[in-house]
$ cat work-v8.pdb   # PDB, C-alpha atoms
ATOM      1  CA  MET A1283       1.479  25.478  -1.627
ATOM      2  CA  ALA A1284       1.752  27.242   1.734
ATOM      3  CA  HIS A1285       1.916  25.028   4.814
ATOM      4  CA  GLY A1286       0.743  25.839   8.300
ATOM      5  CA  LYS A1287       2.807  26.304  11.448
ATOM      6  CA  ARG A1288       2.270  22.694  12.601
ATOM      7  CA  TYR A1289       3.607  21.272   9.328
ATOM      8  CA  ARG A1290       6.599  23.630   9.308
ATOM      9  CA  GLU A1291       7.502  22.553  12.843
ATOM     10  CA  GLN A1292       7.453  18.878  11.835
ATOM     11  CA  TYR A1293       9.309  19.598   8.588
ATOM     12  CA  GLY A1294      12.125  21.138  10.631
ATOM     13  CA  LYS A1295      12.795  17.731  12.211
ATOM     14  CA  VAL A1296      13.647  16.151   8.852
ATOM     15  CA  GLU A1297      17.093  16.231   7.245
ATOM     16  CA  ARG A1298      16.177  16.475   3.569
ATOM     17  CA  ASP A1299      19.554  15.325   2.221
ATOM     18  CA  ARG A1300      19.855  12.242   4.430
ATOM     19  CA  ALA A1301      18.314   8.802   3.957
ATOM     20  CA  LEU A1302      17.619   7.100   7.277
ATOM     21  CA  ALA A1303      17.706   3.423   8.140
ATOM     22  CA  PRO A1304      14.160   1.937   8.077
ATOM     23  CA  ALA A1305      13.506   1.797  11.821
ATOM     24  CA  GLU A1306      14.969   5.277  12.337
ATOM     25  CA  ALA A1307      12.760   6.628   9.537
ATOM     26  CA  ILE A1308       9.671   4.993  11.030
ATOM     27  CA  SER A1309      10.477   6.431  14.445
ATOM     28  CA  LEU A1310      10.794   9.915  12.949
ATOM     29  CA  VAL A1311       7.593   9.527  10.926
ATOM     30  CA  LYS A1312       5.697   8.683  14.115
ATOM     31  CA  GLN A1313       7.159  11.775  15.777
ATOM     32  CA  THR A1314       5.978  14.010  12.933
ATOM     33  CA  ALA A1315       2.398  12.689  13.035
ATOM     34  CA  SER A1316       0.790  15.561  14.918
ATOM     35  CA  ALA A1317      -2.724  15.759  13.431
ATOM     36  CA  LYS A1318      -5.766  15.357  15.664
ATOM     37  CA  PHE A1319      -6.682  12.074  13.955
ATOM     38  CA  ASP A1320      -4.795   8.799  13.581
ATOM     39  CA  GLU A1321      -2.821   9.491  10.417
ATOM     40  CA  THR A1322      -2.087   6.838   7.822
ATOM     41  CA  VAL A1323       1.571   5.973   7.289
ATOM     42  CA  GLU A1324       2.347   5.938   3.573
ATOM     43  CA  LEU A1325       5.240   4.406   1.642
ATOM     44  CA  HIS A1326       6.248   5.769  -1.777
ATOM     45  CA  VAL A1327       8.845   3.832  -3.788
ATOM     46  CA  LEU A1328      10.296   5.195  -7.025
ATOM     47  CA  LEU A1329      11.460   2.384  -9.297
ATOM     48  CA  GLY A1330      13.932   2.402 -12.159
ATOM     49  CA  VAL A1331      11.494   0.863 -14.641
ATOM     50  CA  ASN A1332       9.988   2.146 -17.870
ATOM     51  CA  VAL A1333       6.237   1.837 -17.322
ATOM     52  CA  ARG A1334       5.603   2.590 -20.985
ATOM     53  CA  HIS A1335       6.688  -0.993 -21.556
ATOM     54  CA  ALA A1336       4.133  -3.549 -20.381
ATOM     55  CA  ASP A1337       6.834  -5.982 -19.280
ATOM     56  CA  GLU A1338       8.273  -3.427 -16.834
ATOM     57  CA  GLN A1339       5.034  -2.564 -15.056
ATOM     58  CA  LEU A1340       4.379  -3.905 -11.575
ATOM     59  CA  ARG A1341       0.982  -4.978 -10.300
ATOM     60  CA  GLY A1342       0.094  -7.489  -7.644
ATOM     61  CA  THR A1343      -1.207  -8.059  -4.142
ATOM     62  CA  LEU A1344       0.248  -8.891  -0.756
ATOM     63  CA  ALA A1345      -1.016  -9.430   2.762
ATOM     64  CA  LEU A1346       0.523  -7.012   5.258
ATOM     65  CA  PRO A1347       1.563  -8.825   8.456
ATOM     66  CA  HIS A1348      -0.359  -6.372  10.655
ATOM     67  CA  GLY A1349      -2.994  -5.084   8.239
ATOM     68  CA  LEU A1350      -3.784  -1.426   7.654
ATOM     69  CA  GLY A1351      -5.457  -0.622  10.947
ATOM     70  CA  LYS A1352      -8.778   0.107   9.339
ATOM     71  CA  ASP A1353     -11.902  -1.670   8.191
ATOM     72  CA  VAL A1354     -11.701  -2.421   4.465
ATOM     73  CA  SER A1355     -15.001  -1.923   2.656
ATOM     74  CA  VAL A1356     -15.623  -4.375  -0.178
ATOM     75  CA  ALA A1357     -18.042  -4.110  -3.088
ATOM     76  CA  VAL A1358     -18.889  -7.308  -4.970
ATOM     77  CA  PHE A1359     -20.460  -7.529  -8.401
ATOM     78  CA  ALA A1360     -22.238 -10.872  -8.423
ATOM     79  CA  GLN A1361     -25.640 -12.453  -8.699
ATOM     80  CA  GLY A1362     -27.465 -15.556  -7.517
ATOM     81  CA  GLN A1363     -25.655 -17.897  -5.152
ATOM     82  CA  GLN A1364     -22.359 -16.048  -5.522
ATOM     83  CA  ALA A1365     -24.025 -12.836  -4.358
ATOM     84  CA  ARG A1366     -25.301 -14.682  -1.304
ATOM     85  CA  ASP A1367     -21.817 -16.113  -0.722
ATOM     86  CA  ALA A1368     -20.378 -12.588  -0.857
ATOM     87  CA  GLU A1369     -22.847 -11.357   1.748
ATOM     88  CA  ALA A1370     -22.073 -14.332   3.986
ATOM     89  CA  ALA A1371     -18.342 -13.609   3.682
ATOM     90  CA  GLY A1372     -18.844 -10.044   4.920
ATOM     91  CA  ALA A1373     -18.957  -7.962   1.731
ATOM     92  CA  ASP A1374     -20.257  -4.462   2.440
ATOM     93  CA  PHE A1375     -21.986  -3.905  -0.898
ATOM     94  CA  VAL A1376     -23.303  -6.617  -3.205
ATOM     95  CA  GLY A1377     -25.177  -6.171  -6.455
ATOM     96  CA  ALA A1378     -25.352  -6.743 -10.174
ATOM     97  CA  GLN A1379     -26.729  -4.284 -12.699
ATOM     98  CA  ASP A1380     -28.025  -2.059  -9.893
ATOM     99  CA  LEU A1381     -24.539  -1.740  -8.389
ATOM    100  CA  VAL A1382     -23.001  -1.095 -11.817
ATOM    101  CA  GLU A1383     -25.459   1.752 -12.426
ATOM    102  CA  LYS A1384     -24.732   3.238  -8.997
ATOM    103  CA  VAL A1385     -20.991   3.338  -9.747
ATOM    104  CA  GLN A1386     -21.665   4.791 -13.211
ATOM    105  CA  GLU A1387     -23.390   7.675 -11.447
ATOM    106  CA  GLY A1388     -20.151   8.417  -9.587
ATOM    107  CA  TRP A1389     -20.438   6.460  -6.341
ATOM    108  CA  THR A1390     -17.160   4.801  -5.269
ATOM    109  CA  GLY A1391     -17.598   4.512  -1.516
ATOM    110  CA  PHE A1392     -15.597   1.318  -1.111
ATOM    111  CA  ASP A1393     -11.935   0.314  -0.909
ATOM    112  CA  VAL A1394     -11.921  -2.875  -2.994
ATOM    113  CA  ALA A1395     -14.096  -4.064  -5.881
ATOM    114  CA  ILE A1396     -14.475  -7.772  -6.651
ATOM    115  CA  SER A1397     -16.381  -9.339  -9.534
ATOM    116  CA  THR A1398     -17.361 -12.763 -10.767
ATOM    117  CA  PRO A1399     -16.171 -13.471 -14.347
ATOM    118  CA  ASP A1400     -19.727 -13.477 -15.753
ATOM    119  CA  MET A1401     -20.320  -9.962 -14.385
ATOM    120  CA  MET A1402     -17.304  -8.446 -16.139
ATOM    121  CA  ARG A1403     -19.404  -7.870 -19.237
ATOM    122  CA  MET A1404     -21.180  -5.155 -17.264
ATOM    123  CA  VAL A1405     -18.370  -4.192 -14.873
ATOM    124  CA  GLY A1406     -16.105  -3.519 -17.865
ATOM    125  CA  GLN A1407     -18.152  -0.374 -18.479
ATOM    126  CA  LEU A1408     -16.801   1.097 -15.240
ATOM    127  CA  GLY A1409     -13.177   1.395 -16.356
ATOM    128  CA  ARG A1410     -13.278   5.196 -16.587
ATOM    129  CA  VAL A1411     -14.611   5.461 -13.035
ATOM    130  CA  LEU A1412     -12.725   2.703 -11.227
ATOM    131  CA  GLY A1413      -9.527   2.598 -13.302
ATOM    132  CA  PRO A1414      -8.044   5.947 -12.175
ATOM    133  CA  GLN A1415      -8.737   4.999  -8.538
ATOM    134  CA  GLY A1416      -7.053   1.609  -8.872
ATOM    135  CA  LYS A1417     -10.295  -0.173  -7.973
ATOM    136  CA  MET A1418     -11.067  -1.930 -11.255
ATOM    137  CA  PRO A1419     -11.445  -5.708 -10.716
ATOM    138  CA  ASN A1420      -8.582  -7.603 -12.325
ATOM    139  CA  PRO A1421      -8.004 -11.364 -12.590
ATOM    140  CA  LYS A1422      -4.222 -10.852 -12.196
ATOM    141  CA  VAL A1423      -4.685  -9.665  -8.621
ATOM    142  CA  GLY A1424      -7.483 -12.050  -7.703
ATOM    143  CA  THR A1425     -10.386  -9.603  -7.790
ATOM    144  CA  VAL A1426     -12.084 -11.307 -10.740
ATOM    145  CA  THR A1427     -12.800 -14.790  -9.479
ATOM    146  CA  GLU A1428     -15.343 -17.545  -8.994
ATOM    147  CA  ASP A1429     -14.182 -17.992  -5.391
ATOM    148  CA  ILE A1430     -15.939 -14.930  -4.032
ATOM    149  CA  GLU A1431     -15.783 -15.997  -0.397
ATOM    150  CA  LYS A1432     -11.979 -16.296  -0.453
ATOM    151  CA  ALA A1433     -11.545 -12.991  -2.299
ATOM    152  CA  VAL A1434     -13.726 -11.136   0.196
ATOM    153  CA  GLY A1435     -11.975 -12.804   3.131
ATOM    154  CA  ASP A1436      -8.522 -11.906   1.790
ATOM    155  CA  SER A1437      -9.493  -8.262   1.265
ATOM    156  CA  LYS A1438     -11.042  -7.976   4.702
ATOM    157  CA  SER A1439      -7.963  -9.475   6.385
ATOM    158  CA  GLY A1440      -5.552  -6.886   4.995
ATOM    159  CA  LYS A1441      -4.610  -8.068   1.509
ATOM    160  CA  VAL A1442      -3.703  -4.957  -0.471
ATOM    161  CA  GLU A1443      -2.972  -4.230  -4.114
ATOM    162  CA  TYR A1444       0.094  -2.413  -5.392
ATOM    163  CA  ARG A1445       0.940  -1.053  -8.817
ATOM    164  CA  THR A1446       3.292   1.389 -10.495
ATOM    165  CA  ASP A1447       1.761   4.697 -11.568
ATOM    166  CA  ARG A1448       2.728   6.691 -14.662
ATOM    167  CA  GLN A1449       5.855   7.998 -12.905
ATOM    168  CA  ALA A1450       6.978   4.459 -11.943
ATOM    169  CA  ILE A1451       6.103   5.033  -8.281
ATOM    170  CA  VAL A1452       4.415   2.495  -6.026
ATOM    171  CA  HIS A1453       2.220   4.253  -3.444
ATOM    172  CA  MET A1454       1.039   2.173  -0.477
ATOM    173  CA  ALA A1455      -0.415   2.639   2.976
ATOM    174  CA  ILE A1456       1.412   0.462   5.523
ATOM    175  CA  GLY A1457      -0.570   1.182   8.678
ATOM    176  CA  LYS A1458      -1.492   3.918  11.134
ATOM    177  CA  ALA A1459       0.690   6.318  13.105
ATOM    178  CA  SER A1460      -0.661   4.696  16.276
ATOM    179  CA  PHE A1461       0.899   1.341  15.313
ATOM    180  CA  GLU A1462       3.901   0.166  17.283
ATOM    181  CA  GLU A1463       7.170   0.832  15.478
ATOM    182  CA  SER A1464       7.846  -2.895  15.177
ATOM    183  CA  LYS A1465       4.524  -3.457  13.390
ATOM    184  CA  LEU A1466       5.113  -0.622  10.951
ATOM    185  CA  LEU A1467       8.588  -2.014  10.309
ATOM    186  CA  ASP A1468       7.162  -5.474   9.621
ATOM    187  CA  ASN A1469       4.680  -4.019   7.119
ATOM    188  CA  TYR A1470       7.367  -1.864   5.498
ATOM    189  CA  THR A1471       9.679  -4.853   5.140
ATOM    190  CA  ALA A1472       6.903  -6.976   3.628
ATOM    191  CA  VAL A1473       6.285  -4.342   0.953
ATOM    192  CA  ILE A1474       9.962  -3.893   0.077
ATOM    193  CA  GLU A1475      10.514  -7.646  -0.108
ATOM    194  CA  GLU A1476       7.477  -8.027  -2.376
ATOM    195  CA  ILE A1477       8.648  -5.233  -4.683
ATOM    196  CA  VAL A1478      12.097  -6.820  -4.909
ATOM    197  CA  ARG A1479      10.549 -10.246  -5.566
ATOM    198  CA  ALA A1480       8.379  -8.795  -8.347
ATOM    199  CA  LYS A1481      11.278  -7.084 -10.146
ATOM    200  CA  PRO A1482      10.608  -7.334 -13.905
ATOM    201  CA  ALA A1483      13.194  -9.316 -15.822
ATOM    202  CA  ALA A1484      13.358  -6.481 -18.364
ATOM    203  CA  ALA A1485      14.296  -3.856 -15.755
ATOM    204  CA  LYS A1486      17.840  -2.545 -16.170
ATOM    205  CA  GLY A1487      20.069  -0.450 -13.938
ATOM    206  CA  LYS A1488      19.200   0.587 -10.401
ATOM    207  CA  TYR A1489      15.844  -0.886  -9.445
ATOM    208  CA  ILE A1490      14.781   0.934  -6.266
ATOM    209  CA  VAL A1491      15.726   4.542  -6.972
ATOM    210  CA  SER A1492      14.327   6.136  -3.823
ATOM    211  CA  CYS A1493      11.983   5.372  -0.969
ATOM    212  CA  THR A1494      10.003   7.812   1.188
ATOM    213  CA  LEU A1495       7.836   7.390   4.271
ATOM    214  CA  THR A1496       5.284   9.973   5.331
ATOM    215  CA  THR A1497       2.011  10.373   7.165
ATOM    216  CA  THR A1498      -1.234  11.848   5.875
ATOM    217  CA  MET A1499      -0.374  15.359   7.067
ATOM    218  CA  GLY A1500       3.351  15.061   7.699
ATOM    219  CA  PRO A1501       6.578  15.679   5.758
ATOM    220  CA  GLY A1502       8.352  12.971   3.778
ATOM    221  CA  VAL A1503      11.269  11.070   5.304
ATOM    222  CA  ARG A1504      13.799   9.430   2.976
ATOM    223  CA  VAL A1505      14.632   5.780   3.682
ATOM    224  CA  ASP A1506      17.878   3.945   2.986
ATOM    225  CA  THR A1507      16.586   0.658   1.550
ATOM    226  CA  GLY A1508      20.095  -0.814   1.547
ATOM    227  CA  LYS A1509      20.074  -1.244   5.319
ATOM    228  CA  SER A1510      18.694  -4.266   7.123
ATOM    229  CA  SER A1511      15.457  -3.296   8.832
ATOM    230  CA  ASP A1512      15.734  -6.105  11.429
ATOM    231  CA  ARG A1513      19.238  -5.129  12.522
ATOM    232  CA  ASP A1514      18.327  -1.464  12.503
ATOM    233  CA  LEU A1515      15.320  -2.035  14.755
ATOM    234  CA  ASP A1516      17.487  -3.856  17.285
ATOM    235  CA  LEU A1517      20.053  -1.054  17.307
ATOM    236  CA  VAL A1518      17.410   1.629  17.771
ATOM    237  CA  GLY A1519      15.791  -0.382  20.548
ATOM    238  CA  ALA A1520      19.096  -0.899  22.305
ATOM    239  CA  ALA A1521      19.883   2.802  22.148
ATOM    240  CA  ALA A1522      16.531   3.519  23.760
ATOM    241  CA  GLY A1523      17.129   0.924  26.437
ATOM    242  CA  GLY A1524      14.348  -1.273  25.177
ATOM    243  CA  ALA A1525      16.345  -4.085  23.582
ATOM    244  CA  GLY A1526      19.028  -6.301  25.051
ATOM    245  CA  ALA A1527      22.462  -6.857  23.610
ATOM    246  CA  ALA A1528      21.539 -10.423  22.731
ATOM    247  CA  ASP A1529      18.637  -9.284  20.591
ATOM    248  CA  ALA A1530      20.810  -6.720  18.852
ATOM    249  CA  GLY A1531      23.458  -9.311  18.131
ATOM    250  CA  ALA A1532      20.880 -11.720  16.709
ATOM    251  CA  GLY A1533      19.517  -9.000  14.476
ATOM    252  CA  GLU A1534      22.933  -8.413  12.941
ATOM    253  CA  THR A1535      22.626 -11.713  11.083
ATOM    254  CA  ALA A1536      19.336 -10.737   9.460
ATOM    255  CA  GLU A1537      19.390 -10.951   5.711
ATOM    256  CA  GLU A1538      19.331  -7.619   3.928
ATOM    257  CA  PRO A1539      16.752  -7.152   1.164
ATOM    258  CA  ALA A1540      18.363  -6.699  -2.230
ATOM    259  CA  THR A1541      17.753  -3.394  -3.970
ATOM    260  CA  ALA A1542      19.700  -3.861  -7.167
TER     261      ALA A1542
END

$ encode --input "work-v8.pdb" --output "structure tokens"
Amino acid sequence: MAHGKRYREQYGKVERDRALAPAEAISLVKQTASAKFDETVELHVLLGVNVRHADEQLRGTLALPHGLGKDVSVAVFAQGQQARDAEAAGADFVGAQDLVEKVQEGWTGFDVAISTPDMMRMVGQLGRVLGPQGKMPNPKVGTVTEDIEKAVGDSKSGKVEYRTDRQAIVHMAIGKASFEESKLLDNYTAVIEEIVRAKPAAAKGKYIVSCTLTTTMGPGVRVDTGKSSDRDLDLVGAAAGGAGAADAGAGETAEEPATA
């Protein structure tokens, strides 16, 4: 695929054979975000797991400390009082059979789908449409629930789902290019810590194989996940004149996330 002049200019700023410390990588990613819109910052983590085995697949949810920087649209499959609860909680689309039929026709104009357990008899028909997009309601991640108000509130406040794809990669948005570096670093760290926490017991060998940050239209930047993001942020800030020596020294004691 041929890239334009703007992309090639940004690509030239990246050392392809070097993995940068987290804060340094985030700083570079912000520099390479040159589109006319506020690009999304994406994190792609390749894991050393065999996703053909169910006990080595990852799937879960986490709340990013600073959200995604966008309004999350939520569709709720419910009826009766629970449908009214969903509307009161701020759901963007609420329906039962009518909403199921709309999705069957190809409409997927929402970010998160939530369903009550009794509706799954109908919602289960949407697997071919919602499954490939990662939007299928699932009780394991809290999107099939009786507590509709809480589920809608969590989704609206920045709770996001993660999962390994067929290549054992976790793809996640962690914010916008306009975010402060410290906020992107907080979100990045939250994701890495969650992935480490969720390491399958059956996983053998190196767990986090590689990690890449990029923006919607920018080049990928390799990240060294073995370095402490807190300490790294302090060092980068000090070099720029924005952080004091005391802060840098305090950061040196920050615990490093395990990657084994």

$ atom_distance --input "work-v8.pdb" --atom1 "atom CA of Val1442 of chain A" --atom2 "atom CA of Leu1328 of chain A"
18.5 Å

$ resolve_selection --input "work-v8.pdb" --expression "the PyMOL selection byres ((chain A and resi 1464-1480) around 9)" --output "number ranges by chain"
A: 1304-1305, 1308, 1323, 1325, 1327, 1340-1350, 1452, 1454, 1456-1459, 1461-1463, 1481-1483, 1489-1490, 1507, 1511-1512, 1515, 1539-1542

$ closest_atom_pairs --input "work-v8.pdb" --of "segment 1424-1485 of chain A" --to "segment 1369-1392 of chain A" --cutoff "10 Å" --atoms "all atoms listed in the file" --output "CSV"
residue,atom,partner,partner_atom,distance
A:Ile1430,CA,A:Ala1371,CA,8.2
A:Glu1431,CA,A:Ala1371,CA,5.4
A:Lys1432,CA,A:Ala1371,CA,8.1
A:Ala1433,CA,A:Ala1371,CA,9.1
A:Val1434,CA,A:Ala1371,CA,6.3
A:Gly1435,CA,A:Ala1371,CA,6.4
A:Ser1437,CA,A:Ala1373,CA,9.5
A:Lys1438,CA,A:Gly1372,CA,8.1

$ write_last_selection --input "work-v8.pdb" --atoms "C-alpha atoms" --output "mmCIF file, keeping the file's coordinate frame"
data_model
loop_
_atom_site.group_PDB
_atom_site.id
_atom_site.type_symbol
_atom_site.label_atom_id
_atom_site.label_comp_id
_atom_site.auth_asym_id
_atom_site.auth_seq_id
_atom_site.Cartn_x
_atom_site.Cartn_y
_atom_site.Cartn_z
ATOM 1 C CA ILE A 1430 -15.939 -14.930 -4.032
ATOM 2 C CA GLU A 1431 -15.783 -15.997 -0.397
ATOM 3 C CA LYS A 1432 -11.979 -16.296 -0.453
ATOM 4 C CA ALA A 1433 -11.545 -12.991 -2.299
ATOM 5 C CA VAL A 1434 -13.726 -11.136 0.196
ATOM 6 C CA GLY A 1435 -11.975 -12.804 3.131
ATOM 7 C CA SER A 1437 -9.493 -8.262 1.265
ATOM 8 C CA LYS A 1438 -11.042 -7.976 4.702
#

$ closest_residue --input "work-v8.pdb" --among "A:Ala1303, A:Ala1450, A:Ala1357, A:Val1333" --to "Val1405 of chain A" --atoms "all atoms listed in the file"
A:Ala1357

$ atom_distance --input "work-v8.pdb" --atom1 "atom CA of Ala1365 of chain A" --atom2 "atom CA of Arg1445 of chain A"
28.0 Å

$ closest_residue --input "work-v8.pdb" --among "A:Gly1413, A:Gly1440, A:Pro1501, A:Gly1487" --to "Lys1352 of chain A" --atoms "only C-alpha atoms"
A:Gly1440

$ atom_distance --input "work-v8.pdb" --atom1 "atom CA of Val1423 of chain A" --atom2 "atom CA of Ser1397 of chain A"
11.7 Å

$ closest_residue --input "work-v8.pdb" --among "A:Arg1403, A:Ser1309, A:Gln1339, A:Asp1353" --to "Tyr1444 of chain A" --atoms "all atoms listed in the file"
A:Gln1339

$ closest_residue --input "work-v8.pdb" --among "A:Val1505, A:Val1356, A:Leu1495, A:Ala1315" --to "Asp1436 of chain A" --atoms "all atoms listed in the file"
A:Val1356

$ closest_residue --input "work-v8.pdb" --among "A:Lys1312, A:Arg1448, A:Lys1488, A:Arg1410" --to "Arg1334 of chain A" --atoms "only C-alpha atoms"
A:Arg1448

$ decode --input "work-v8.pdb" --residues "segment 1341-1350 of chain A" --atoms "all heavy atoms" --output "PDB file, in the first residue's frame"
ATOM      1  N   ARG A1341     -10.127 -12.261  27.555  1.00  0.00           N
ATOM      2  CA  ARG A1341     -11.288 -11.408  27.303  1.00  0.00           C
ATOM      3  C   ARG A1341     -11.746 -10.831  28.629  1.00  0.00           C
ATOM      4  O   ARG A1341     -11.880 -11.539  29.613  1.00  0.00           O
ATOM      5  CB  ARG A1341     -12.430 -12.185  26.663  1.00  0.00           C
ATOM      6  CG  ARG A1341     -13.610 -11.283  26.296  1.00  0.00           C
ATOM      7  CD  ARG A1341     -14.621 -11.992  25.425  1.00  0.00           C
ATOM      8  NE  ARG A1341     -15.622 -11.052  24.941  1.00  0.00           N
ATOM      9  CZ  ARG A1341     -16.598 -11.376  24.096  1.00  0.00           C
ATOM     10  NH1 ARG A1341     -16.706 -12.616  23.642  1.00  0.00           N
ATOM     11  NH2 ARG A1341     -17.460 -10.462  23.699  1.00  0.00           N
ATOM     12  N   GLY A1342     -11.934  -9.533  28.646  1.00  0.00           N
ATOM     13  CA  GLY A1342     -12.381  -8.891  29.877  1.00  0.00           C
ATOM     14  C   GLY A1342     -12.675  -7.426  29.644  1.00  0.00           C
ATOM     15  O   GLY A1342     -12.748  -6.957  28.505  1.00  0.00           O
ATOM     16  N   THR A1343     -12.840  -6.700  30.711  1.00  0.00           N
ATOM     17  CA  THR A1343     -13.114  -5.263  30.636  1.00  0.00           C
ATOM     18  C   THR A1343     -12.254  -4.533  31.660  1.00  0.00           C
ATOM     19  O   THR A1343     -11.812  -5.116  32.652  1.00  0.00           O
ATOM     20  CB  THR A1343     -14.588  -4.936  30.912  1.00  0.00           C
ATOM     21  OG1 THR A1343     -14.937  -5.394  32.238  1.00  0.00           O
ATOM     22  CG2 THR A1343     -15.496  -5.594  29.883  1.00  0.00           C
ATOM     23  N   LEU A1344     -12.029  -3.257  31.407  1.00  0.00           N
ATOM     24  CA  LEU A1344     -11.372  -2.399  32.379  1.00  0.00           C
ATOM     25  C   LEU A1344     -11.807  -0.970  32.155  1.00  0.00           C
ATOM     26  O   LEU A1344     -12.237  -0.605  31.049  1.00  0.00           O
ATOM     27  CB  LEU A1344      -9.849  -2.496  32.288  1.00  0.00           C
ATOM     28  CG  LEU A1344      -9.155  -1.781  31.128  1.00  0.00           C
ATOM     29  CD1 LEU A1344      -7.737  -1.404  31.526  1.00  0.00           C
ATOM     30  CD2 LEU A1344      -9.111  -2.668  29.898  1.00  0.00           C
ATOM     31  N   ALA A1345     -11.721  -0.178  33.205  1.00  0.00           N
ATOM     32  CA  ALA A1345     -12.058   1.240  33.123  1.00  0.00           C
ATOM     33  C   ALA A1345     -10.767   2.030  32.971  1.00  0.00           C
ATOM     34  O   ALA A1345      -9.895   1.980  33.848  1.00  0.00           O
ATOM     35  CB  ALA A1345     -12.814   1.681  34.362  1.00  0.00           C
ATOM     36  N   LEU A1346     -10.611   2.731  31.864  1.00  0.00           N
ATOM     37  CA  LEU A1346      -9.422   3.556  31.662  1.00  0.00           C
ATOM     38  C   LEU A1346      -9.487   4.771  32.581  1.00  0.00           C
ATOM     39  O   LEU A1346     -10.543   5.406  32.689  1.00  0.00           O
ATOM     40  CB  LEU A1346      -9.337   4.006  30.199  1.00  0.00           C
ATOM     41  CG  LEU A1346      -9.144   2.897  29.163  1.00  0.00           C
ATOM     42  CD1 LEU A1346      -9.182   3.475  27.760  1.00  0.00           C
ATOM     43  CD2 LEU A1346      -7.827   2.164  29.398  1.00  0.00           C
ATOM     44  N   PRO A1347      -8.395   5.112  33.239  1.00  0.00           N
ATOM     45  CA  PRO A1347      -8.401   6.231  34.191  1.00  0.00           C
ATOM     46  C   PRO A1347      -8.922   7.537  33.607  1.00  0.00           C
ATOM     47  O   PRO A1347      -9.586   8.312  34.299  1.00  0.00           O
ATOM     48  CB  PRO A1347      -6.918   6.364  34.578  1.00  0.00           C
ATOM     49  CG  PRO A1347      -6.349   5.008  34.353  1.00  0.00           C
ATOM     50  CD  PRO A1347      -7.077   4.449  33.165  1.00  0.00           C
ATOM     51  N   HIS A1348      -8.646   7.781  32.317  1.00  0.00           N
ATOM     52  CA  HIS A1348      -9.044   9.048  31.701  1.00  0.00           C
ATOM     53  C   HIS A1348      -9.991   8.849  30.517  1.00  0.00           C
ATOM     54  O   HIS A1348     -10.161   9.759  29.700  1.00  0.00           O
ATOM     55  CB  HIS A1348      -7.802   9.824  31.265  1.00  0.00           C
ATOM     56  CG  HIS A1348      -6.841  10.058  32.386  1.00  0.00           C
ATOM     57  ND1 HIS A1348      -7.090  10.922  33.434  1.00  0.00           N
ATOM     58  CD2 HIS A1348      -5.624   9.500  32.656  1.00  0.00           C
ATOM     59  CE1 HIS A1348      -6.074  10.901  34.285  1.00  0.00           C
ATOM     60  NE2 HIS A1348      -5.183  10.045  33.836  1.00  0.00           N
ATOM     61  N   GLY A1349     -10.605   7.681  30.429  1.00  0.00           N
ATOM     62  CA  GLY A1349     -11.571   7.439  29.363  1.00  0.00           C
ATOM     63  C   GLY A1349     -10.925   7.431  27.987  1.00  0.00           C
ATOM     64  O   GLY A1349      -9.701   7.396  27.845  1.00  0.00           O
ATOM     65  N   LEU A1350     -11.791   7.483  26.963  1.00  0.00           N
ATOM     66  CA  LEU A1350     -11.313   7.426  25.584  1.00  0.00           C
ATOM     67  C   LEU A1350     -11.377   8.779  24.875  1.00  0.00           C
ATOM     68  O   LEU A1350     -10.946   8.901  23.731  1.00  0.00           O
ATOM     69  CB  LEU A1350     -12.144   6.411  24.782  1.00  0.00           C
ATOM     70  CG  LEU A1350     -11.937   4.941  25.142  1.00  0.00           C
ATOM     71  CD1 LEU A1350     -12.941   4.075  24.401  1.00  0.00           C
ATOM     72  CD2 LEU A1350     -10.519   4.513  24.794  1.00  0.00           C
TER      73      LEU A1350
END
